[in-house]
Structure formats: structure tokens, C-alpha cells
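Q: Provided below: model-v5.txt, containing compact mmCIF, C-alpha atoms and all ligand atoms.
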```
# COMPACT_ATOMS: atom_id res chain seq x y z
CA MET A 39 -15.38 -57.43 83.54
CA MET A 40 -13.42 -54.36 82.57
CA SER A 41 -13.66 -53.37 78.94
CA GLN A 42 -10.50 -53.40 76.87
CA SER A 43 -8.95 -50.01 76.24
CA PRO A 44 -9.04 -48.76 72.64
CA VAL A 45 -5.24 -48.81 72.57
CA LEU A 46 -5.12 -52.52 73.38
CA GLN A 47 -7.80 -53.26 70.82
CA THR A 48 -5.88 -51.48 68.08
CA ARG A 49 -2.84 -53.61 68.77
CA SER A 50 -4.75 -56.85 68.54
CA GLY A 51 -3.71 -57.87 65.05
CA THR A 52 -2.43 -56.88 61.66
CA VAL A 53 -5.02 -56.31 58.95
CA VAL A 54 -3.03 -54.54 56.23
CA GLU A 55 0.71 -54.71 55.69
CA PHE A 56 2.61 -52.75 53.05
CA THR A 57 6.22 -53.94 52.80
CA GLY A 58 8.75 -52.09 50.67
CA VAL A 59 6.18 -51.09 48.08
CA VAL A 60 7.52 -49.32 44.99
CA LYS A 61 5.33 -47.63 42.39
CA GLU A 62 6.79 -45.72 39.47
CA PHE A 63 5.09 -43.47 36.93
CA SER A 64 7.38 -42.99 33.92
CA GLY A 65 10.51 -43.22 36.02
CA LEU A 66 9.16 -41.09 38.88
CA ARG A 67 8.86 -43.00 42.16
CA ALA A 68 5.46 -42.16 43.66
CA LEU A 69 6.13 -44.86 46.31
CA ASP A 70 9.73 -45.58 47.18
CA GLY A 71 9.91 -48.59 49.51
CA PHE A 72 6.70 -47.72 51.37
CA SER A 73 6.03 -49.84 54.48
CA LEU A 74 3.09 -49.46 56.86
CA THR A 75 1.00 -51.72 59.09
CA LEU A 76 -2.68 -51.15 59.84
CA HIS A 77 -3.86 -52.91 63.00
CA ALA A 78 -7.38 -54.22 63.46
CA GLY A 79 -9.82 -51.46 64.25
CA GLU A 80 -7.47 -48.53 64.05
CA CYS A 81 -7.70 -45.39 61.98
CA VAL A 82 -4.39 -44.40 60.39
CA ALA A 83 -4.07 -41.03 58.66
CA LEU A 84 -1.63 -40.70 55.77
CA LEU A 85 -0.57 -37.08 56.01
CA GLY A 86 1.79 -35.25 53.70
CA PRO A 87 2.19 -32.49 51.16
CA SER A 88 0.75 -32.71 47.68
CA GLY A 89 2.67 -35.19 45.54
CA SER A 90 4.15 -37.14 48.48
CA GLY A 91 2.42 -40.37 47.40
CA LYS A 92 -0.61 -40.58 49.72
CA THR A 93 -3.22 -41.28 47.07
CA THR A 94 -0.94 -43.72 45.30
CA ALA A 95 -0.55 -45.70 48.56
CA LEU A 96 -4.32 -45.88 48.90
CA ARG A 97 -4.80 -46.82 45.26
CA VAL A 98 -2.29 -49.67 45.30
CA LEU A 99 -3.99 -51.05 48.42
CA ALA A 100 -7.36 -50.85 46.66
CA GLY A 101 -5.93 -52.53 43.57
CA LEU A 102 -6.64 -49.45 41.42
CA GLU A 103 -2.91 -49.33 40.58
CA SER A 104 -0.41 -52.18 40.27
CA THR A 105 2.89 -52.15 42.18
CA ASP A 106 6.41 -52.47 40.77
CA ALA A 107 7.99 -54.08 43.85
CA GLY A 108 7.23 -54.99 47.43
CA SER A 109 4.13 -56.67 48.83
CA ILE A 110 0.73 -55.82 50.25
CA THR A 111 -1.15 -58.27 52.46
CA ILE A 112 -4.66 -58.16 53.89
CA ASP A 113 -5.18 -60.56 56.79
CA GLY A 114 -1.87 -62.16 55.84
CA ILE A 115 -2.86 -62.87 52.26
CA ASP A 116 -0.87 -61.32 49.40
CA VAL A 117 -3.40 -59.36 47.37
CA SER A 118 -1.26 -58.56 44.33
CA ALA A 119 -3.22 -60.94 42.12
CA LEU A 120 -6.64 -59.87 43.43
CA SER A 121 -8.86 -57.37 41.61
CA THR A 122 -10.32 -54.40 43.48
CA SER A 123 -13.67 -56.12 44.02
CA LYS A 124 -11.98 -59.10 45.69
CA ARG A 125 -10.05 -56.94 48.18
CA ASP A 126 -13.08 -56.16 50.37
CA MET A 127 -12.59 -52.40 50.65
CA GLY A 128 -15.05 -49.58 51.10
CA MET A 129 -13.96 -46.33 49.47
CA VAL A 130 -14.88 -42.67 49.71
CA PHE A 131 -13.21 -40.06 47.51
CA GLN A 132 -13.07 -36.29 47.54
CA SER A 133 -15.78 -35.85 44.93
CA TYR A 134 -19.09 -37.40 45.86
CA SER A 135 -19.35 -39.64 42.82
CA LEU A 136 -22.95 -40.59 43.55
CA PHE A 137 -25.29 -41.50 40.69
CA PRO A 138 -27.41 -38.33 40.41
CA HIS A 139 -30.31 -40.09 38.66
CA LEU A 140 -30.70 -42.67 41.42
CA SER A 141 -32.27 -42.16 44.81
CA VAL A 142 -30.11 -41.98 47.90
CA GLY A 143 -31.22 -45.50 48.86
CA GLU A 144 -30.47 -46.88 45.40
CA ASN A 145 -27.01 -45.34 45.53
CA VAL A 146 -26.32 -47.06 48.82
CA GLU A 147 -27.77 -50.37 47.62
CA PHE A 148 -25.61 -50.37 44.52
CA GLY A 149 -22.80 -52.52 45.90
CA LEU A 150 -25.31 -55.02 47.27
CA ARG A 151 -27.07 -55.26 43.91
CA MET A 152 -23.71 -56.08 42.32
CA ARG A 153 -23.40 -58.90 44.87
CA LYS A 154 -26.83 -60.25 43.91
CA ILE A 155 -28.33 -59.65 47.32
CA LYS A 156 -32.14 -59.82 47.30
CA PRO A 157 -34.21 -56.58 47.29
CA ALA A 158 -35.66 -56.87 50.80
CA GLU A 159 -32.26 -57.44 52.37
CA ARG A 160 -30.73 -54.71 50.22
CA ARG A 161 -33.33 -52.25 51.44
CA SER A 162 -32.92 -53.09 55.10
CA ARG A 163 -29.12 -52.97 54.94
CA ALA A 164 -29.13 -49.68 53.00
CA SER A 165 -31.59 -48.19 55.52
CA ALA A 166 -29.36 -49.25 58.39
CA ALA A 167 -26.28 -47.76 56.71
CA LEU A 168 -28.14 -44.48 56.08
CA ALA A 169 -29.31 -44.39 59.70
CA LEU A 170 -25.68 -44.87 60.78
CA VAL A 171 -24.65 -41.71 58.92
CA GLY A 172 -27.66 -39.74 60.17
CA LEU A 173 -29.69 -39.86 56.93
CA GLY A 174 -32.29 -42.44 57.89
CA HIS A 175 -35.14 -40.36 56.43
CA HIS A 176 -33.51 -39.61 53.09
CA PHE A 177 -33.83 -43.00 51.38
CA ASP A 178 -36.12 -41.81 48.57
CA ARG A 179 -34.59 -38.42 47.87
CA PHE A 180 -32.34 -37.90 44.88
CA ALA A 181 -28.63 -37.44 45.36
CA HIS A 182 -28.66 -34.06 43.62
CA GLN A 183 -31.16 -32.72 46.20
CA LEU A 184 -28.63 -33.09 49.02
CA SER A 185 -25.94 -30.73 50.29
CA GLY A 186 -22.27 -31.58 49.77
CA GLY A 187 -21.91 -32.80 53.34
CA GLN A 188 -25.01 -34.98 53.01
CA GLN A 189 -23.74 -36.41 49.74
CA GLN A 190 -20.48 -37.40 51.45
CA ARG A 191 -22.53 -39.09 54.18
CA VAL A 192 -24.32 -41.07 51.48
CA ALA A 193 -20.96 -41.98 49.95
CA LEU A 194 -19.86 -43.18 53.39
CA ALA A 195 -23.04 -45.26 53.81
CA ARG A 196 -22.44 -46.74 50.36
CA ALA A 197 -18.87 -47.64 51.32
CA LEU A 198 -19.95 -49.26 54.59
CA VAL A 199 -23.06 -51.14 53.46
CA THR A 200 -21.08 -54.13 52.21
CA GLU A 201 -19.35 -54.38 55.62
CA PRO A 202 -15.86 -54.17 54.13
CA ARG A 203 -12.73 -55.32 55.94
CA VAL A 204 -11.03 -51.96 55.38
CA LEU A 205 -12.35 -48.42 54.84
CA LEU A 206 -10.34 -46.14 52.54
CA LEU A 207 -11.00 -42.41 52.65
CA ASP A 208 -9.17 -40.15 50.20
CA GLU A 209 -9.54 -36.48 51.18
CA PRO A 210 -13.26 -37.05 51.85
CA LEU A 211 -13.70 -33.63 53.47
CA SER A 212 -11.70 -31.43 51.10
CA ALA A 213 -14.62 -30.22 49.00
CA LEU A 214 -16.69 -29.14 52.03
CA ASP A 215 -16.79 -25.81 53.82
CA ALA A 216 -15.01 -25.48 57.16
CA LYS A 217 -17.95 -26.02 59.50
CA VAL A 218 -19.33 -29.06 57.69
CA ARG A 219 -15.80 -30.42 57.39
CA VAL A 220 -15.31 -30.50 61.15
CA GLN A 221 -18.80 -31.96 61.75
CA LEU A 222 -18.29 -34.75 59.24
CA ARG A 223 -14.76 -35.43 60.46
CA ASP A 224 -16.07 -36.00 63.98
CA GLU A 225 -18.93 -38.08 62.61
CA ILE A 226 -16.56 -40.28 60.59
CA ARG A 227 -14.45 -40.81 63.71
CA ARG A 228 -17.52 -41.75 65.77
CA ILE A 229 -18.71 -44.25 63.15
CA GLN A 230 -15.20 -45.66 62.63
CA THR A 231 -14.82 -46.28 66.36
CA GLU A 232 -18.34 -47.64 66.75
CA LEU A 233 -17.86 -50.16 63.94
CA GLY A 234 -14.24 -50.85 64.84
CA ILE A 235 -13.40 -50.79 61.14
CA THR A 236 -9.76 -50.61 60.08
CA THR A 237 -9.39 -47.31 58.25
CA LEU A 238 -6.84 -45.52 56.08
CA PHE A 239 -7.56 -41.78 55.86
CA VAL A 240 -5.61 -39.72 53.31
CA THR A 241 -5.29 -35.99 53.93
CA HIS A 242 -2.94 -33.06 53.43
CA ASP A 243 -4.51 -31.29 56.45
CA GLN A 244 -2.58 -31.81 59.69
CA ASP A 245 -5.44 -30.72 61.98
CA GLU A 246 -7.72 -33.23 60.33
CA ALA A 247 -5.14 -36.03 60.60
CA LEU A 248 -4.34 -35.33 64.24
CA ALA A 249 -8.05 -35.11 65.15
CA ILE A 250 -9.26 -38.26 63.44
CA ALA A 251 -6.50 -40.83 63.64
CA ASP A 252 -5.16 -43.26 66.22
CA ARG A 253 -1.83 -43.01 64.40
CA VAL A 254 -0.57 -40.59 61.80
CA ALA A 255 1.94 -41.59 59.12
CA VAL A 256 3.65 -38.52 57.68
CA MET A 257 4.75 -39.01 54.09
CA ARG A 258 7.48 -37.33 52.14
CA SER A 259 8.68 -38.23 48.64
CA GLY A 260 7.05 -41.66 48.47
CA ASN A 261 8.01 -42.80 51.92
CA ILE A 262 6.96 -42.48 55.54
CA GLU A 263 9.11 -40.04 57.46
CA GLN A 264 7.52 -40.81 60.84
CA VAL A 265 4.54 -42.76 62.11
CA GLY A 266 3.09 -42.41 65.58
CA THR A 267 0.16 -41.31 67.69
CA PRO A 268 -0.76 -37.63 67.41
CA GLU A 269 0.80 -37.15 70.86
CA GLU A 270 4.07 -38.79 69.76
CA LEU A 271 4.31 -36.61 66.67
CA TYR A 272 3.67 -33.50 68.72
CA SER A 273 6.00 -34.33 71.58
CA ARG A 274 8.78 -36.14 69.70
CA PRO A 275 8.89 -35.06 66.04
CA ALA A 276 11.70 -37.06 64.42
CA THR A 277 12.79 -34.37 61.96
CA PRO A 278 12.33 -30.64 61.31
CA PHE A 279 10.04 -31.63 58.40
CA ILE A 280 7.70 -33.41 60.85
CA ALA A 281 7.83 -30.54 63.32
CA ASP A 282 6.95 -28.19 60.52
CA PHE A 283 4.17 -30.37 59.21
CA VAL A 284 2.40 -30.88 62.51
CA GLY A 285 2.56 -27.14 63.06
CA LEU A 286 5.18 -26.95 65.80
CA SER A 287 7.30 -24.39 64.05
CA ASN A 288 4.43 -21.97 63.41
P1 LIG A 301 -0.49 -37.13 46.94
O1 LIG A 301 -1.72 -37.97 47.09
O2 LIG A 301 0.36 -37.14 48.18
O3 LIG A 301 -0.77 -35.73 46.48
P2 LIG A 301 0.04 -38.82 44.67
O4 LIG A 301 0.07 -40.20 45.18
O5 LIG A 301 -1.22 -38.37 44.00
O6 LIG A 301 0.42 -37.80 45.83
O7 LIG A 301 1.21 -38.59 43.64
C1 LIG A 301 2.57 -38.94 43.93
C2 LIG A 301 3.42 -38.65 42.71
O8 LIG A 301 3.06 -39.56 41.65
C3 LIG A 301 3.23 -37.25 42.15
O9 LIG A 301 4.46 -36.79 41.66
C4 LIG A 301 2.25 -37.47 41.01
O10 LIG A 301 2.41 -36.48 40.02
C5 LIG A 301 2.62 -38.85 40.52
N1 LIG A 301 1.47 -39.57 39.95
C6 LIG A 301 0.41 -40.03 40.63
N2 LIG A 301 -0.46 -40.65 39.83
C7 LIG A 301 0.07 -40.60 38.58
C8 LIG A 301 -0.33 -41.07 37.30
N3 LIG A 301 -1.47 -41.75 37.14
N4 LIG A 301 0.47 -40.81 36.25
C9 LIG A 301 1.63 -40.15 36.40
N5 LIG A 301 2.08 -39.68 37.58
C10 LIG A 301 1.32 -39.89 38.66
```
Can the structure in the file be given as C-alpha cells, please?
Ligand code: ADP
A:
Amino acid sequence: MMSQSPVLQTRSGTVVEFTGVVKEFSGLRALDGFSLTLHAGECVALLGPSGSGKTTALRVLAGLESTDAGSITIDGIDVSALSTSKRDMGMVFQSYSLFPHLSVGENVEFGLRMRKIKPAERRSRASAALALVGLGHHFDRFAHQLSGGQQQRVALARALVTEPRVLLLDEPLSALDAKVRVQLRDEIRRIQTELGITTLFVTHDQDEALAIADRVAVMRSGNIEQVGTPEELYSRPATPFIADFVGLSN
């Protein structure tokens, strides 16, 4: 039997749906009728200049911020009343935010401990998650002994160990130097594809967005100006702003 193409797989169902989401901070609209669909298994990059609302979109999906209007569904269920822990998300942020006094393995196990999973299972699942990110032999080292890139790999393992429905990455590469950034970007893409996990990747870096995502949603002033595959954005930018942002006017 022929295997399904990645494109067909990504169209196989809706996992996350933002519809007309509004979020205001003291009268300023960080999200202004924001609508976006994430299909099962795809990686969507939210790309845009600083202040365009990318992080706010990720935070309202995670339940770290409330919304003022509109709806967000995960697998068709409205999540507005659900706390962050009930939304089944794995998250990685720009700063590593590991516990420095815990070992790498204990950091990764943390979410499983919260879920009252027994020690033996915790250890085997954390080991598997660390192997997935290429740190299988680092279980007993301390977080502070690792490089920045390795710490972000641990953060990724920690986000994935609970097998979340959706992976949220907010500028996960921004604190790293250029070479490590490209390595980890490619590694994240490999893991994302291998697991088939629905992913929202926030970045202000167009090269990063175009390299990692199945589709790129370009944000401007709290809304999406255009969403499409990297090829579509390159070949048919809808506005001069898009052309500029994907580097066509340089
Ligand atoms: P981006 O991630 O694209 O840089 P943000 O989502 O962080 O943009 O911010 C969008 C807008 O909302 C900005 O004008 C920002 O100053 C504002 N904003 C975000 N979070 C807060 C907050 N907690 N309090 C006040 N204003 C905020």
C-alpha cells in the first residue's frame, strides 16, 4: 500500500480552531478577531514583527491568558472554561526554565510526577523522551551543566513526555547562537514530523518560519495578514507587507 503524503495527512482533521478571538490589554487590542485552524499533525509558524500578537495567541490557546471575545476549540471542544493543565499542551519558551537543582531526568519527569505516575514508568518515559531529543545519556546530569542548546532539548523532552495533543513553541531558538539554532530547528522539525504532533511555533524570524513549518501565518496588528505554505507566501504574497516580511523585497 502506498503511504499517505504528508500534505494529505495534515488535512485530515481540525485540532485547534481560533475563531474571531479578541484580547485587549488596557484598551490595546493584542488580538483583533484572530482566526486560525491547526490541522492534525501539522506545524504552523506564527510569524510577525514584535508586538503583532504572536505570543498572546499562543498564551490564550494555552489558557495562560483569558480572551475577551471569540472562541478557541481543541478537538471541537470549547476550552474557554478549562485551566491550562486541562488543555493537554506541551510548551517550550525562549528561556530554558529548567529547575537547576534537579537532574535532567527529574526535570523531564516533572509533569509525570504531577500526574501521579509511578516512579518506574516515569523513569522509562523520561528516558525515552530524552533519547528522542538526543540526550539519552544525560539523565543524571544537572541542568546547569548543559549548554543552552542542550537545555532547550531538555525543555522539549519535558514538553513531550506527557504526550500532549498540541506542542506550543514560543521563540524556542532565540537565545541560541546561529549554528545551534539551525541544528535545533532541524531537530525540532524531525521530531515534530516523526511524532506527527500538531504544533504552533511562534517566531519573528522568517527563515526559521519558512524552514520549519507546513504553513506560515503572518501576523500584523493582532490579526493574520496571510496564511499559506512557505511556497505560497513566496510565490503569491498577498500584500507588500508579506512580500517584505518573507524577504522578497530585499
Ligand atoms: P509578539 O509576540 O508578536 O511580540 P505580543 O503578543 O507579546 O506580541 O504583544 C502584542 C501586544 O500586546 C503588544 O502591544 C504588547 O505590548 C501587548 N501586551 C502583551 N502582553 C501584555 C500584557 N501582559 N500587558 C499589557 N500589554 C501586553
Q: At a cut-off of 8 Å and counting all atoms listed in the file, what residues surround ligand LIG 301 (chain A)? Please answer as a PyMOL selection string.
A: chain A and resi 62-64+66-69+85-95+240-242+257+259-260
Q: Excluding same-chain residues fewer than 2 positions from stretch 181-183 of chain A, what lies within 8 Å of it counting all atoms listed in the file, as a VMD selection string?
A: chain A and resid 136 to 142 179 185 189
Q: Would you please work out which residue, of A:Arg274, A:Lys61, A:Lys124, A:Arg203, is nearest to A:Ser104 when using only C-alpha atoms?
A: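 When distances to A:Ser104 are compared using only C-alpha atoms, the smallest one comes from A:Lys61.
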Q: Kindly extract all protein, DNA and RNA residues lying within 9 Å of the coordinates (-23.1, -30.7, 53.9) given in the file, considering all atoms listed in the file, and supply them as a tab-separated table (two decimals) with C-alpha atoms, in the coordinates of the input.
A:
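part15.tsv was written with the following content:
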```
chain	number	residue	atom	x	y	z
A	184	LEU	CA	-28.63	-33.09	49.02
A	185	SER	CA	-25.94	-30.73	50.29
A	186	GLY	CA	-22.27	-31.58	49.77
A	187	GLY	CA	-21.91	-32.80	53.34
A	188	GLN	CA	-25.01	-34.98	53.01
A	189	GLN	CA	-23.74	-36.41	49.74
A	190	GLN	CA	-20.48	-37.40	51.45
A	191	ARG	CA	-22.53	-39.09	54.18
A	214	LEU	CA	-16.69	-29.14	52.03
A	215	ASP	CA	-16.79	-25.81	53.82
A	217	LYS	CA	-17.95	-26.02	59.50
A	218	VAL	CA	-19.33	-29.06	57.69
A	219	ARG	CA	-15.80	-30.42	57.39
A	222	LEU	CA	-18.29	-34.75	59.24
```
Q: Take atom CA of A:Asp224 and atom CA of A:Ile262 and report the distance between them in Å, one decimal.
A: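 For atom CA of A:Asp224 relative to atom CA of A:Ile262, the distance reads 25.4 Å.
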Q: Looking at all atoms listed in the file, which of A:Gly65, A:Val82, A:Arg196, A:Arg151 is the one that sits closest to A:Val265?
A: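 Using all atoms listed in the file, the shortest distance to A:Val265 belongs to A:Val82.
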Q: Identify which of the residues A:Ser212, A:Thr200, A:Thr57, A:Ser73 lies closest to A:Gln132, counting all atoms listed in the file when measuring atom-to-atom distances.
A: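 Between A:Ser212, A:Thr200, A:Thr57, A:Ser73, the residue approaching A:Gln132 most closely is A:Ser212.
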